[in-house]
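Source file: work-v3.txt; contents: compact mmCIF, C-alpha atoms.
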```txt
# COMPACT_ATOMS: atom_id res chain seq x y z
CA MET P 1 67.74 -114.00 73.51
CA ASN P 2 68.52 -116.14 70.48
CA GLU P 3 72.25 -115.81 70.93
CA HIS P 4 71.88 -117.42 74.35
CA LEU P 5 70.22 -120.49 72.86
CA LYS P 6 72.71 -120.86 70.03
CA ASP P 7 75.29 -122.85 71.98
CA TRP P 8 72.88 -125.61 73.03
CA ARG P 9 75.15 -128.23 71.46
CA ILE P 10 77.85 -127.62 74.08
CA HIS P 11 75.44 -128.20 76.94
CA ALA P 12 73.84 -131.20 75.26
CA LEU P 13 77.28 -132.73 74.76
CA ALA P 14 78.28 -131.97 78.37
CA PHE P 15 75.06 -133.70 79.47
CA VAL P 16 75.63 -136.79 77.34
CA LEU P 17 79.30 -137.09 78.38
CA THR P 18 78.33 -136.78 82.05
CA LEU P 19 75.66 -139.48 81.72
CA ILE P 20 78.04 -141.92 80.03
CA ALA P 21 80.76 -141.23 82.60
CA GLU P 22 78.44 -141.67 85.59
CA PHE P 23 77.09 -144.90 84.11
CA ILE P 24 80.60 -146.31 83.80
CA GLY P 25 81.17 -145.18 87.39
CA THR P 26 84.27 -145.44 89.55
CA GLN P 27 86.53 -148.33 88.60
CA LYS P 28 89.10 -149.60 91.07
CA PHE P 29 92.22 -151.47 90.06
CA ALA P 30 94.52 -153.26 92.45
CA PHE P 31 97.87 -154.95 92.08
CA GLY P 32 98.58 -156.60 95.40
CA PRO P 33 98.72 -153.88 98.05
CA LEU P 34 98.88 -151.08 95.45
CA ALA P 35 95.62 -149.69 94.16
CA PHE P 36 94.45 -146.91 91.91
CA SER P 37 91.05 -145.81 90.74
CA LEU P 38 89.51 -144.09 87.75
CA ILE P 39 86.57 -141.77 88.37
CA PRO P 40 83.82 -140.31 86.13
CA MET P 41 85.31 -136.83 85.94
CA LEU P 42 88.43 -138.28 84.35
CA TYR P 43 86.36 -140.01 81.69
CA VAL P 44 84.65 -136.77 80.62
CA LEU P 45 88.04 -135.08 80.29
CA ILE P 46 89.34 -137.97 78.20
CA PHE P 47 86.17 -138.18 76.04
CA GLY P 48 86.41 -134.46 75.37
CA ALA P 49 90.09 -134.64 74.55
CA ILE P 50 89.51 -137.54 72.14
CA LEU P 51 86.59 -135.78 70.40
CA GLY P 52 88.73 -132.67 70.06
CA GLY P 53 91.80 -134.64 69.03
CA ILE P 54 90.08 -136.46 66.17
CA LYS P 55 88.57 -133.12 65.09
CA VAL P 56 84.94 -134.11 65.59
CA LEU P 57 84.34 -130.89 67.55
CA PRO P 58 84.46 -127.63 65.61
CA HIS P 59 87.02 -125.18 66.93
CA ASP P 60 84.47 -122.50 67.82
CA MET P 61 82.64 -125.02 70.00
CA MET P 62 85.81 -125.65 72.01
CA GLU P 63 86.29 -121.90 72.36
CA GLU P 64 82.69 -121.33 73.45
CA ALA P 65 82.87 -124.10 76.07
CA SER P 66 85.67 -122.47 78.01
CA PRO P 67 83.74 -119.61 79.75
CA TYR P 68 81.33 -122.24 81.10
CA ILE P 69 84.16 -123.88 83.03
CA GLY P 70 84.72 -120.64 84.91
CA ILE P 71 81.04 -120.19 85.71
CA SER P 72 80.30 -123.77 86.76
CA VAL P 73 83.44 -123.98 88.87
CA MET P 74 82.02 -121.17 91.04
CA MET P 75 79.26 -123.49 92.11
CA LEU P 76 81.86 -126.11 93.01
CA THR P 77 83.50 -123.49 95.27
CA ALA P 78 80.21 -123.14 97.13
CA LYS P 79 80.00 -126.92 97.57
CA ILE P 80 83.57 -127.11 98.87
CA ALA P 81 82.89 -124.24 101.28
CA MET P 82 80.01 -126.27 102.75
CA SER P 83 82.54 -128.28 104.76
CA VAL P 84 83.78 -125.19 106.61
CA GLY P 85 80.85 -123.76 108.59
CA PRO P 86 79.80 -126.97 110.36
CA ASN P 87 83.44 -127.70 111.29
CA LEU P 88 84.46 -124.23 112.42
CA GLU P 89 84.12 -125.08 116.09
CA ALA P 90 86.26 -128.21 115.79
CA VAL P 91 88.93 -126.19 114.01
CA ILE P 92 89.03 -123.51 116.70
CA ASN P 93 89.26 -126.25 119.35
CA ALA P 94 92.17 -127.89 117.52
CA GLY P 95 94.41 -125.16 118.84
CA PRO P 96 97.04 -122.88 117.35
CA ALA P 97 99.75 -125.54 117.11
CA LEU P 98 97.78 -127.63 114.65
CA ILE P 99 96.77 -124.56 112.70
CA PHE P 100 100.42 -123.52 112.36
CA GLN P 101 101.12 -126.95 110.96
CA GLU P 102 99.02 -126.00 107.94
CA PHE P 103 101.97 -124.01 106.62
CA GLY P 104 103.62 -127.35 105.89
CA ASN P 105 101.35 -127.56 102.86
CA LEU P 106 103.47 -124.82 101.30
CA GLY P 107 106.10 -127.54 100.88
CA THR P 108 104.54 -128.08 97.43
CA ALA P 109 106.02 -124.83 96.22
CA PHE P 110 109.37 -125.09 98.02
CA LEU P 111 110.20 -128.49 96.58
CA ALA P 112 108.45 -128.64 93.21
CA LEU P 113 108.71 -125.13 91.75
CA PRO P 114 112.52 -124.92 91.79
CA ILE P 115 112.65 -128.30 90.02
CA ALA P 116 110.01 -127.26 87.47
CA ILE P 117 111.98 -124.11 86.62
CA GLY P 118 115.56 -125.27 87.14
CA VAL P 119 115.34 -128.73 85.60
CA PHE P 120 112.36 -128.73 83.22
CA HIS P 121 112.38 -125.03 82.26
CA MET P 122 108.59 -125.03 82.44
CA GLY P 123 106.54 -121.94 81.70
CA ARG P 124 103.63 -120.59 83.72
CA ALA P 125 102.16 -124.10 83.82
CA ALA P 126 104.65 -124.65 86.65
CA VAL P 127 102.83 -122.11 88.83
CA GLY P 128 99.46 -123.78 88.20
CA CYS P 129 100.91 -127.17 89.08
CA CYS P 130 103.07 -126.20 92.07
CA PHE P 131 101.00 -123.92 94.30
CA SER P 132 98.99 -126.83 95.71
CA ILE P 133 98.34 -130.54 95.27
CA SER P 134 95.86 -129.60 92.49
CA ARG P 135 92.57 -130.74 93.99
CA GLU P 136 89.10 -129.42 93.16
CA GLY P 137 89.57 -126.13 95.04
CA SER P 138 92.78 -125.42 93.14
CA LEU P 139 90.96 -125.95 89.85
CA ALA P 140 88.44 -123.35 91.00
CA ILE P 141 91.13 -120.83 91.93
CA ILE P 142 93.00 -121.15 88.64
CA ALA P 143 89.79 -121.21 86.56
CA ASP P 144 88.71 -118.00 88.25
CA LYS P 145 92.03 -116.15 88.11
CA TYR P 146 93.57 -117.31 84.83
CA GLY P 147 91.02 -119.56 83.09
CA LEU P 148 91.50 -123.31 82.76
CA ASP P 149 92.70 -122.99 79.16
CA SER P 150 95.61 -120.75 80.19
CA GLU P 151 99.15 -122.04 80.80
CA GLU P 152 98.42 -122.07 84.54
CA GLY P 153 95.21 -123.97 83.80
CA ILE P 154 97.11 -126.66 81.93
CA GLY P 155 99.42 -127.03 84.92
CA VAL P 156 96.62 -127.44 87.45
CA MET P 157 94.61 -129.76 85.18
CA GLY P 158 97.66 -131.91 84.63
CA GLY P 159 98.26 -132.03 88.37
CA TYR P 160 94.61 -132.85 88.94
CA ILE P 161 94.69 -135.78 86.53
CA VAL P 162 97.95 -137.12 87.97
CA GLY P 163 96.60 -136.79 91.52
CA THR P 164 93.33 -138.49 90.71
CA VAL P 165 94.87 -141.43 88.89
CA LEU P 166 98.13 -141.89 90.77
CA GLY P 167 97.62 -139.93 94.01
CA THR P 168 96.64 -142.77 96.31
CA LEU P 169 99.16 -145.14 94.75
CA PHE P 170 101.96 -142.62 95.04
CA TYR P 171 101.15 -141.61 98.62
CA GLY P 172 101.00 -145.26 99.63
CA ILE P 173 104.54 -145.82 98.37
CA LEU P 174 105.99 -142.48 99.52
CA VAL P 175 104.64 -142.73 103.05
CA SER P 176 105.70 -146.36 103.52
CA PHE P 177 109.17 -145.30 102.47
CA LEU P 178 109.28 -142.25 104.78
CA THR P 179 107.90 -144.32 107.65
CA SER P 180 110.62 -146.93 107.19
CA LEU P 181 113.31 -144.22 107.48
CA ASN P 182 112.40 -143.71 111.16
CA VAL P 183 113.18 -139.99 110.94
CA PHE P 184 109.75 -138.74 111.93
CA HIS P 185 107.64 -139.59 114.95
CA PRO P 186 104.47 -141.52 113.99
CA TYR P 187 102.33 -138.59 115.23
CA SER P 188 104.10 -136.25 112.80
CA LEU P 189 103.63 -138.74 110.00
CA GLY P 190 99.95 -138.94 110.90
CA MET P 191 99.52 -135.18 110.96
CA ALA P 192 101.21 -134.86 107.58
CA CYS P 193 98.60 -137.19 106.08
CA GLY P 194 96.03 -134.40 106.26
CA THR P 195 96.59 -132.82 102.87
CA GLY P 196 92.99 -131.84 102.23
CA SER P 197 92.16 -134.78 99.97
CA ALA P 198 90.22 -137.60 101.61
CA SER P 199 91.46 -140.33 99.28
CA MET P 200 95.10 -139.28 99.54
CA MET P 201 94.78 -139.08 103.33
CA SER P 202 93.38 -142.61 103.54
CA ALA P 203 96.21 -144.00 101.44
CA SER P 204 98.98 -142.32 103.42
CA LEU P 205 97.31 -143.03 106.75
CA ALA P 206 97.06 -146.71 105.89
CA ALA P 207 100.82 -146.78 105.34
CA VAL P 208 101.55 -145.17 108.73
CA VAL P 209 99.05 -147.32 110.61
CA SER P 210 100.39 -150.55 109.13
CA ALA P 211 103.84 -149.64 110.46
CA TYR P 212 102.57 -148.56 113.91
CA PRO P 213 99.39 -150.58 114.50
CA ASP P 214 99.47 -149.94 118.26
CA MET P 215 99.18 -146.16 117.71
CA GLU P 216 96.32 -146.38 115.24
CA ALA P 217 93.88 -144.29 117.28
CA GLN P 218 96.22 -141.34 117.92
CA VAL P 219 97.70 -141.29 114.42
CA THR P 220 94.24 -141.38 112.87
CA ALA P 221 93.03 -138.54 115.10
CA TYR P 222 95.98 -136.35 114.09
CA ALA P 223 95.45 -137.15 110.41
CA ALA P 224 91.71 -136.47 110.51
CA THR P 225 92.07 -133.15 112.38
CA SER P 226 94.84 -131.98 110.09
CA ASN P 227 92.85 -133.02 107.03
CA LEU P 228 89.84 -131.14 108.32
CA LEU P 229 91.95 -128.03 108.87
CA SER P 230 93.41 -128.30 105.37
CA SER P 231 89.99 -128.55 103.80
CA VAL P 232 88.76 -125.56 105.82
CA ASP P 233 91.66 -123.20 105.18
CA GLY P 234 92.75 -124.72 101.86
CA LEU P 235 91.08 -122.25 99.52
CA TYR P 236 92.21 -119.13 101.37
CA MET P 237 95.67 -120.48 102.09
CA SER P 238 96.19 -121.30 98.40
CA LEU P 239 94.69 -118.04 97.20
CA PHE P 240 96.40 -115.61 99.59
CA ILE P 241 99.69 -117.32 100.44
CA ALA P 242 100.68 -120.20 98.18
CA LEU P 243 99.73 -118.73 94.80
CA PRO P 244 101.28 -115.27 95.40
CA PHE P 245 104.39 -117.01 96.78
CA CYS P 246 104.66 -119.19 93.65
CA ASN P 247 104.21 -116.16 91.42
CA TRP P 248 106.96 -114.34 93.30
CA LEU P 249 109.32 -117.32 93.24
CA TYR P 250 108.64 -117.85 89.53
CA LYS P 251 109.50 -114.22 88.82
CA VAL P 252 112.70 -114.30 90.87
CA MET P 253 113.91 -117.61 89.48
CA THR P 254 113.21 -116.86 85.82
CA LYS P 255 114.58 -113.30 85.93
CA ASN P 256 118.26 -114.19 85.69
CA SER P 257 117.93 -117.61 84.07
CA ARG P 258 119.43 -118.02 80.64
CA HIS P 259 116.58 -120.38 79.76
CA TYR P 260 113.93 -117.67 80.14
CA LYS P 261 113.21 -114.31 78.57
CA ASP P 262 110.68 -111.96 80.23
CA GLY P 263 109.37 -114.83 82.34
CA VAL P 264 108.72 -117.07 79.32
CA PRO P 265 110.86 -120.13 78.59
CA ILE P 266 112.90 -119.78 75.43
CA PRO P 267 111.86 -122.56 73.02
CA LYS P 268 114.57 -125.10 72.20
CA ALA P 269 114.44 -124.33 68.48
CA ALA P 270 115.13 -120.63 69.08
CA LYS P 271 118.02 -121.46 71.40
CA ASN P 272 119.68 -123.64 68.75
CA ALA P 273 119.18 -120.94 66.14
CA ASN P 274 121.06 -118.47 68.33
CA LYS P 275 124.12 -120.67 68.61
CA MET T 1 76.23 -104.68 85.46
CA ASN T 2 76.42 -106.49 82.18
CA THR T 3 73.13 -108.23 81.40
CA ALA T 4 74.60 -110.62 78.81
CA ILE T 5 77.14 -111.92 81.34
CA TRP T 6 74.44 -112.43 83.96
CA ILE T 7 72.16 -114.30 81.55
CA LYS T 8 75.05 -116.53 80.55
CA ARG T 9 75.98 -117.10 84.19
CA ILE T 10 72.49 -118.00 85.38
CA LYS T 11 71.82 -120.14 82.30
CA CYS T 12 75.01 -122.10 82.92
CA LEU T 13 74.34 -122.55 86.65
CA ILE T 14 70.84 -123.86 85.98
CA ILE T 15 72.06 -126.27 83.29
CA VAL T 16 74.88 -127.54 85.51
CA SER T 17 72.40 -128.03 88.37
CA ALA T 18 70.13 -130.02 86.08
CA ILE T 19 72.95 -132.23 84.77
CA THR T 20 74.29 -132.72 88.31
CA SER T 21 70.88 -133.76 89.67
CA ILE T 22 70.78 -136.61 87.14
CA GLY T 23 74.47 -137.54 87.43
CA ASN T 24 74.05 -137.51 91.20
CA MET T 25 71.14 -139.93 90.93
CA ILE T 26 73.23 -142.39 88.88
CA SER T 27 76.21 -142.13 91.21
CA THR T 28 74.18 -142.42 94.44
CA THR T 29 72.22 -145.35 93.01
CA LYS T 30 75.51 -147.14 92.28
CA ALA T 31 76.59 -146.44 95.86
CA GLY T 32 73.37 -148.09 97.06
CA ASN T 33 71.77 -144.96 98.48
CA PRO T 34 69.76 -143.42 95.64
CA VAL T 35 68.90 -139.69 95.73
CA SER T 36 66.27 -138.68 93.17
CA PRO T 37 66.92 -135.56 91.05
CA LEU T 38 63.97 -133.91 92.80
CA ALA T 39 65.51 -134.53 96.24
CA ALA T 40 68.79 -132.95 95.09
CA ILE T 41 67.15 -129.74 93.87
CA PRO T 42 66.99 -127.82 97.21
CA GLY T 43 70.71 -128.41 97.80
CA LEU T 44 71.66 -127.42 94.27
CA PHE T 45 69.41 -124.37 94.54
CA PHE T 46 71.18 -123.33 97.74
CA LEU T 47 74.60 -123.64 96.06
CA LEU T 48 73.30 -121.67 93.08
CA VAL T 49 72.03 -118.88 95.34
CA CYS T 50 75.37 -118.73 97.23
CA THR T 51 77.19 -118.48 93.90
CA ILE T 52 74.98 -115.63 92.72
CA LEU T 53 75.24 -113.78 96.05
CA GLY T 54 79.03 -114.12 95.90
CA CYS T 55 79.04 -112.73 92.36
CA ILE T 56 76.88 -109.78 93.43
CA VAL T 57 79.29 -108.95 96.26
CA TYR T 58 82.18 -109.23 93.80
CA GLU T 59 80.58 -106.85 91.33
CA LEU T 60 79.57 -104.34 94.01
CA ILE T 61 83.14 -104.21 95.29
CA ASN T 62 84.38 -103.97 91.71
CA LYS T 63 82.38 -100.76 91.34
CA VAL T 64 83.99 -98.95 94.25
CA SER T 65 87.49 -100.39 94.26
CA PRO T 66 89.84 -101.31 91.42
CA LYS T 67 91.55 -103.83 93.71
CA ASN T 68 89.34 -106.84 94.18
CA LEU T 69 89.58 -110.47 95.24
CA PRO T 70 88.49 -113.20 92.81
CA ALA T 71 84.77 -113.96 92.89
CA ILE T 72 85.30 -117.42 94.39
CA ALA T 73 86.66 -115.85 97.61
CA TYR T 74 83.29 -114.12 98.14
CA ILE T 75 81.27 -117.16 97.09
CA SER T 76 83.17 -119.24 99.61
CA LEU T 77 82.71 -116.60 102.34
CA VAL T 78 78.96 -116.22 101.72
CA THR T 79 78.53 -120.00 101.82
CA ILE T 80 80.54 -120.33 105.04
CA LEU T 81 78.57 -117.56 106.79
CA LEU T 82 75.24 -119.10 105.76
CA THR T 83 76.22 -122.54 107.09
CA ILE T 84 77.67 -121.84 110.54
CA PRO T 85 75.29 -123.60 112.95
CA GLY T 86 73.95 -121.19 115.59
CA PHE T 87 74.99 -118.19 113.52
CA SER T 88 72.87 -118.72 110.45
CA PRO T 89 69.20 -119.66 110.96
CA ILE T 90 69.18 -121.70 107.75
CA ALA T 91 72.45 -123.54 108.47
CA GLU T 92 70.93 -126.89 109.39
CA TRP T 93 68.50 -126.92 106.50
CA ALA T 94 71.28 -125.95 104.06
CA ILE T 95 73.75 -128.57 105.32
CA ASP T 96 71.08 -131.23 105.17
CA ALA T 97 70.00 -130.26 101.66
CA THR T 98 73.49 -130.01 100.15
CA ASN T 99 74.59 -133.28 101.73
CA LYS T 100 72.30 -134.98 99.21
CA VAL T 101 74.54 -133.74 96.39
CA GLY T 102 77.94 -135.41 96.15
CA LEU T 103 81.09 -133.41 95.46
CA LEU T 104 82.20 -135.70 92.66
CA PRO T 105 78.91 -135.73 90.69
CA LEU T 106 79.05 -131.92 90.75
CA CYS T 107 82.59 -132.02 89.36
CA THR T 108 81.67 -134.22 86.41
CA PRO T 109 79.69 -131.68 84.31
CA ILE T 110 82.28 -129.00 85.08
CA LEU T 111 85.06 -131.20 83.78
CA ALA T 112 82.84 -132.10 80.81
CA TYR T 113 83.02 -128.44 79.77
CA ALA T 114 86.75 -128.55 80.44
CA GLY T 115 87.02 -131.72 78.33
CA ILE T 116 85.14 -130.15 75.43
CA SER T 117 87.44 -127.13 75.44
CA LEU T 118 90.53 -129.28 76.03
CA GLY T 119 90.83 -130.26 72.36
CA LYS T 120 92.29 -126.89 71.40
CA ASP T 121 95.04 -127.15 74.05
CA LEU T 122 96.09 -130.71 73.28
CA ASP T 123 99.38 -129.65 71.70
CA THR T 124 100.43 -127.73 74.80
CA PHE T 125 99.45 -130.72 76.90
CA LYS T 126 101.52 -133.08 74.78
CA LYS T 127 104.54 -130.80 74.97
CA GLN T 128 104.41 -130.44 78.75
CA GLY T 129 102.81 -133.75 79.68
CA VAL T 130 105.78 -135.65 81.06
CA SER T 131 107.20 -132.74 83.05
CA ILE T 132 103.77 -132.02 84.57
CA VAL T 133 103.45 -135.63 85.75
CA ILE T 134 106.86 -135.51 87.43
CA ILE T 135 106.30 -132.07 88.94
CA ALA T 136 102.90 -133.09 90.28
CA LEU T 137 104.51 -136.02 92.08
CA PHE T 138 107.05 -133.60 93.55
CA THR T 139 104.23 -131.38 94.87
CA PHE T 140 102.72 -134.43 96.61
CA THR T 141 106.10 -135.24 98.13
CA GLY T 142 106.68 -131.60 99.09
CA THR T 143 103.41 -131.12 100.93
CA TYR T 144 103.86 -134.36 102.88
CA ILE T 145 107.46 -133.79 103.91
CA GLY T 146 106.82 -130.08 104.60
CA SER T 147 103.87 -130.97 106.84
CA ALA T 148 105.81 -133.74 108.59
CA ILE T 149 108.76 -131.44 109.35
CA ILE T 150 106.57 -128.70 110.82
CA ALA T 151 104.53 -131.28 112.75
CA GLU T 152 107.73 -132.74 114.19
CA ILE T 153 108.93 -129.28 115.28
CA ILE T 154 105.58 -128.38 116.85
CA LEU T 155 105.10 -131.69 118.64
CA ARG T 156 108.63 -131.61 120.02
CA SER T 157 108.53 -127.97 121.11
CA THR T 158 105.19 -128.47 122.86
CA GLY T 159 106.50 -131.63 124.55
CA VAL T 160 103.93 -134.01 123.08
CA ILE T 161 106.64 -136.36 121.81
```
This entry written out as structure tokens:
Amino acid sequence: MNEHLKDWRIHALAFVLTLIAEFIGTQKFAFGPLAFSLIPMLYVLIFGAILGGIKVLPHDMMEEASPYIGISVMMLTAKIAMSVGPNLEAVINAGPALIFQEFGNLGTAFLALPIAIGVFHMGRAAVGCCFSISREGSLAIIADKYGLDSEEGIGVMGGYIVGTVLGTLFYGILVSFLTSLNVFHPYSLGMACGTGSASMMSASLAAVVSAYPDMEAQVTAYAATSNLLSSVDGLYMSLFIALPFCNWLYKVMTKNSRHYKDGVPIPKAAKNANK
Amino acid sequence: MNTAIWIKRIKCLIIVSAITSIGNMISTTKAGNPVSPLAAIPGLFFLLVCTILGCIVYELINKVSPKNLPAIAYISLVTILLTIPGFSPIAEWAIDATNKVGLLPLCTPILAYAGISLGKDLDTFKKQGVSIVIIALFTFTGTYIGSAIIAEIILRSTGVI
């Protein structure tokens, strides 16, 4: 039993960090129409990284903390799944057309993964970052399958941080731009807002609605339904379609690339040495 | 079944529940709708039970088949089945109880563990940092444009627009 009490320092530190972070609370910053916010879970990541960076934490403590991510993230999966059951009826009523639209979320992989491999020669972190928009459910999937301290874990954590800090800001700009192009019908723009993240949806929806104020009700309805669908099917879609697809694409793209060997990017130093 | 793993699992889930109940109180108080740690316990207990049930299903399937889904797929499924109104007798109680626990306060202790273990991966982070930021922005762009294209096709082919 003693060995199970030995790592109390990790839990005590997690407790203290959480308390400090929650006391600071969400902080919103705005520059004119552009806004971004910092939330408690970012603070705990940053506190931890600082403590580790200045070598206050012993290395074995960092090692011992990592299995607890995998365990606690399972409970987060249960919380995320809570939004499915009560909404199942609404999803079935939404009809097959809207459900088919969910496959648009695979656009993450189609656009980002080729750039990650072709331009940045990223390793497996690319898969963690590209299979989804890296929200809480994606953290759970990667933590469970690869561990958050794996290459894939670094990708999804990076994506999570970027999304949390810059997500609303970025979607606000992107969607205003796409709306101004007049390529898509406002309904399509509205539907696309439903990415499975409430804050990102609000930011992109605001951009569409401000361009088409007379269609606010319809656009909002499409966005909300699509967002609901994404949050219901998100976990399974990512797990069974997007992640396997990314793994396959990664394998195919790195196989014949001169920047990779056995699916691992060749470090720059080694490449120069070969010349 | 490995007893050491189960002790570790249950210990961690209980500690996370305890931290969340207090973090949740702080965050709900700030939002002007305070939920006491005691009021959050039934919801957290329900999530804990779903997690354990999902893990049991995972391990039972592991015994009979070498091919298995990750545990979170079962946890999610168990939770969904227990919370479909009309199908599960405890659905309404469970939804009501877990609504008292916010998603974000539950994330904080989890990312605290991630933060503590992050120190050892800082070098990798530094090396890949810039490319991850750019790629993440491309994933956001990709999912939006991908969804908009498919939406446009569907809405046009069904004659809505």
Hey, what's within 12 Å of Gly23 in chain T if we count all atoms listed in the file and toss same-chain stuff fewer than 2 positions away? As a JSON list (two decimals) with C-alpha atoms, in the frame of the given file, please?
```json
[["chain", "number", "residue", "atom", "x", "y", "z"],
["P", 14, "ALA", "CA", 78.28, -131.97, 78.37],
["P", 15, "PHE", "CA", 75.06, -133.70, 79.47],
["P", 16, "VAL", "CA", 75.63, -136.79, 77.34],
["P", 17, "LEU", "CA", 79.30, -137.09, 78.38],
["P", 18, "THR", "CA", 78.33, -136.78, 82.05],
["P", 19, "LEU", "CA", 75.66, -139.48, 81.72],
["P", 20, "ILE", "CA", 78.04, -141.92, 80.03],
["P", 21, "ALA", "CA", 80.76, -141.23, 82.60],
["P", 22, "GLU", "CA", 78.44, -141.67, 85.59],
["P", 23, "PHE", "CA", 77.09, -144.90, 84.11],
["P", 24, "ILE", "CA", 80.60, -146.31, 83.80],
["P", 25, "GLY", "CA", 81.17, -145.18, 87.39],
["P", 40, "PRO", "CA", 83.82, -140.31, 86.13],
["P", 41, "MET", "CA", 85.31, -136.83, 85.94],
["T", 16, "VAL", "CA", 74.88, -127.54, 85.51],
["T", 17, "SER", "CA", 72.40, -128.03, 88.37],
["T", 18, "ALA", "CA", 70.13, -130.02, 86.08],
["T", 19, "ILE", "CA", 72.95, -132.23, 84.77],
["T", 20, "THR", "CA", 74.29, -132.72, 88.31],
["T", 21, "SER", "CA", 70.88, -133.76, 89.67],
["T", 25, "MET", "CA", 71.14, -139.93, 90.93],
["T", 26, "ILE", "CA", 73.23, -142.39, 88.88],
["T", 27, "SER", "CA", 76.21, -142.13, 91.21],
["T", 28, "THR", "CA", 74.18, -142.42, 94.44],
["T", 29, "THR", "CA", 72.22, -145.35, 93.01],
["T", 30, "LYS", "CA", 75.51, -147.14, 92.28],
["T", 34, "PRO", "CA", 69.76, -143.42, 95.64],
["T", 35, "VAL", "CA", 68.90, -139.69, 95.73],
["T", 36, "SER", "CA", 66.27, -138.68, 93.17],
["T", 37, "PRO", "CA", 66.92, -135.56, 91.05],
["T", 40, "ALA", "CA", 68.79, -132.95, 95.09],
["T", 101, "VAL", "CA", 74.54, -133.74, 96.39],
["T", 102, "GLY", "CA", 77.94, -135.41, 96.15],
["T", 103, "LEU", "CA", 81.09, -133.41, 95.46],
["T", 104, "LEU", "CA", 82.20, -135.70, 92.66],
["T", 105, "PRO", "CA", 78.91, -135.73, 90.69],
["T", 106, "LEU", "CA", 79.05, -131.92, 90.75],
["T", 107, "CYS", "CA", 82.59, -132.02, 89.36],
["T", 108, "THR", "CA", 81.67, -134.22, 86.41],
["T", 109, "PRO", "CA", 79.69, -131.68, 84.31],
["T", 110, "ILE", "CA", 82.28, -129.00, 85.08],
["T", 112, "ALA", "CA", 82.84, -132.10, 80.81]]
```
query = Which distance in Å separates CA of Met157 in chain P and CA of Ile133 in chain P, to one decimal?
reply =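 According to the coordinates, CA of Met157 in chain P and CA of Ile133 in chain P are separated by 10.8 Å.
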Distance query Asn99 in chain T at most 12 Å, all atoms listed in the file, self and fewer than 2 positions along chain excluded, as a PDB file with C-alpha atoms, keeping the file's coordinate frame:
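Wrote it out as part12.pdb, contents follow:
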```pdb
ATOM      1  CA  LYS P  79      80.000-126.920  97.570  1.00  0.00           C
ATOM      2  CA  ILE P  80      83.570-127.110  98.870  1.00  0.00           C
ATOM      3  CA  MET P  82      80.010-126.270 102.750  1.00  0.00           C
ATOM      4  CA  SER P  83      82.540-128.280 104.760  1.00  0.00           C
ATOM      5  CA  PRO P  86      79.800-126.970 110.360  1.00  0.00           C
TER       6      PRO P  86
ATOM      7  CA  ASN T  24      74.050-137.510  91.200  1.00  0.00           C
ATOM      8  CA  THR T  28      74.180-142.420  94.440  1.00  0.00           C
ATOM      9  CA  VAL T  35      68.900-139.690  95.730  1.00  0.00           C
ATOM     10  CA  ALA T  39      65.510-134.530  96.240  1.00  0.00           C
ATOM     11  CA  ALA T  40      68.790-132.950  95.090  1.00  0.00           C
ATOM     12  CA  ILE T  41      67.150-129.740  93.870  1.00  0.00           C
ATOM     13  CA  PRO T  42      66.990-127.820  97.210  1.00  0.00           C
ATOM     14  CA  GLY T  43      70.710-128.410  97.800  1.00  0.00           C
ATOM     15  CA  LEU T  44      71.660-127.420  94.270  1.00  0.00           C
ATOM     16  CA  PHE T  46      71.180-123.330  97.740  1.00  0.00           C
ATOM     17  CA  LEU T  47      74.600-123.640  96.060  1.00  0.00           C
ATOM     18  CA  GLU T  92      70.930-126.890 109.390  1.00  0.00           C
ATOM     19  CA  TRP T  93      68.500-126.920 106.500  1.00  0.00           C
ATOM     20  CA  ALA T  94      71.280-125.950 104.060  1.00  0.00           C
ATOM     21  CA  ILE T  95      73.750-128.570 105.320  1.00  0.00           C
ATOM     22  CA  ASP T  96      71.080-131.230 105.170  1.00  0.00           C
ATOM     23  CA  ALA T  97      70.000-130.260 101.660  1.00  0.00           C
ATOM     24  CA  VAL T 101      74.540-133.740  96.390  1.00  0.00           C
ATOM     25  CA  GLY T 102      77.940-135.410  96.150  1.00  0.00           C
ATOM     26  CA  LEU T 103      81.090-133.410  95.460  1.00  0.00           C
ATOM     27  CA  LEU T 106      79.050-131.920  90.750  1.00  0.00           C
TER      28      LEU T 106
END
```
task = One decimal, Å: what's the distance from CA of Gly158 in chain P over to CA of Leu139 in chain P, could you say?
result =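 Calculated distance between CA of Gly158 in chain P and CA of Leu139 in chain P is 10.4 Å.
Closest approach to chain P among T:Ile116, T:Leu60, T:Ala31, T:Ile90 is made by T:Ile116 (distances from all atoms listed in the file).
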query = When distances are computed from all atoms listed in the file, which of P:Ile117, P:Ala192, P:Val183, P:Met200 shows the smallest separation from chain T?
reply = P:Ala192
Distance in Å - CA of Thr51 in chain T versus CA of Ala78 in chain P =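 According to the coordinates, CA of Thr51 in chain T and CA of Ala78 in chain P are separated by 6.4 Å.
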Spatial neighbours of Thr139 in chain T, max dist 8 Å, all atoms listed in the file, sep filter under 4 positions, as a PyMOL selection string = (chain P and resi 107-109+111-112+129-130+132-133) or (chain T and resi 135+143)
Neighbour list for Asp123 in chain T as a PyMOL selection string, cut-off 12 Å, all atoms listed in the file, skip fewer than 6 positions in-chain = (chain P and resi 49+52-53+151+154) or (chain T and resi 129)
message = Please list, as number ranges by chain, the residues that have an atom at most 12 Å away from (100.3, -128.8, 78.4) in the coordinates of this file, counting only C-alpha atoms.
response = P: 122-126, 128-129, 148-159; T: 118-133
query = Between T:Tyr113, T:Leu38, T:Ile52, T:Ile134, which is the closest to Ala12 in chain P once you count only C-alpha atoms?
reply =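 Closest to Ala12 in chain P, using only C-alpha atoms: T:Tyr113.
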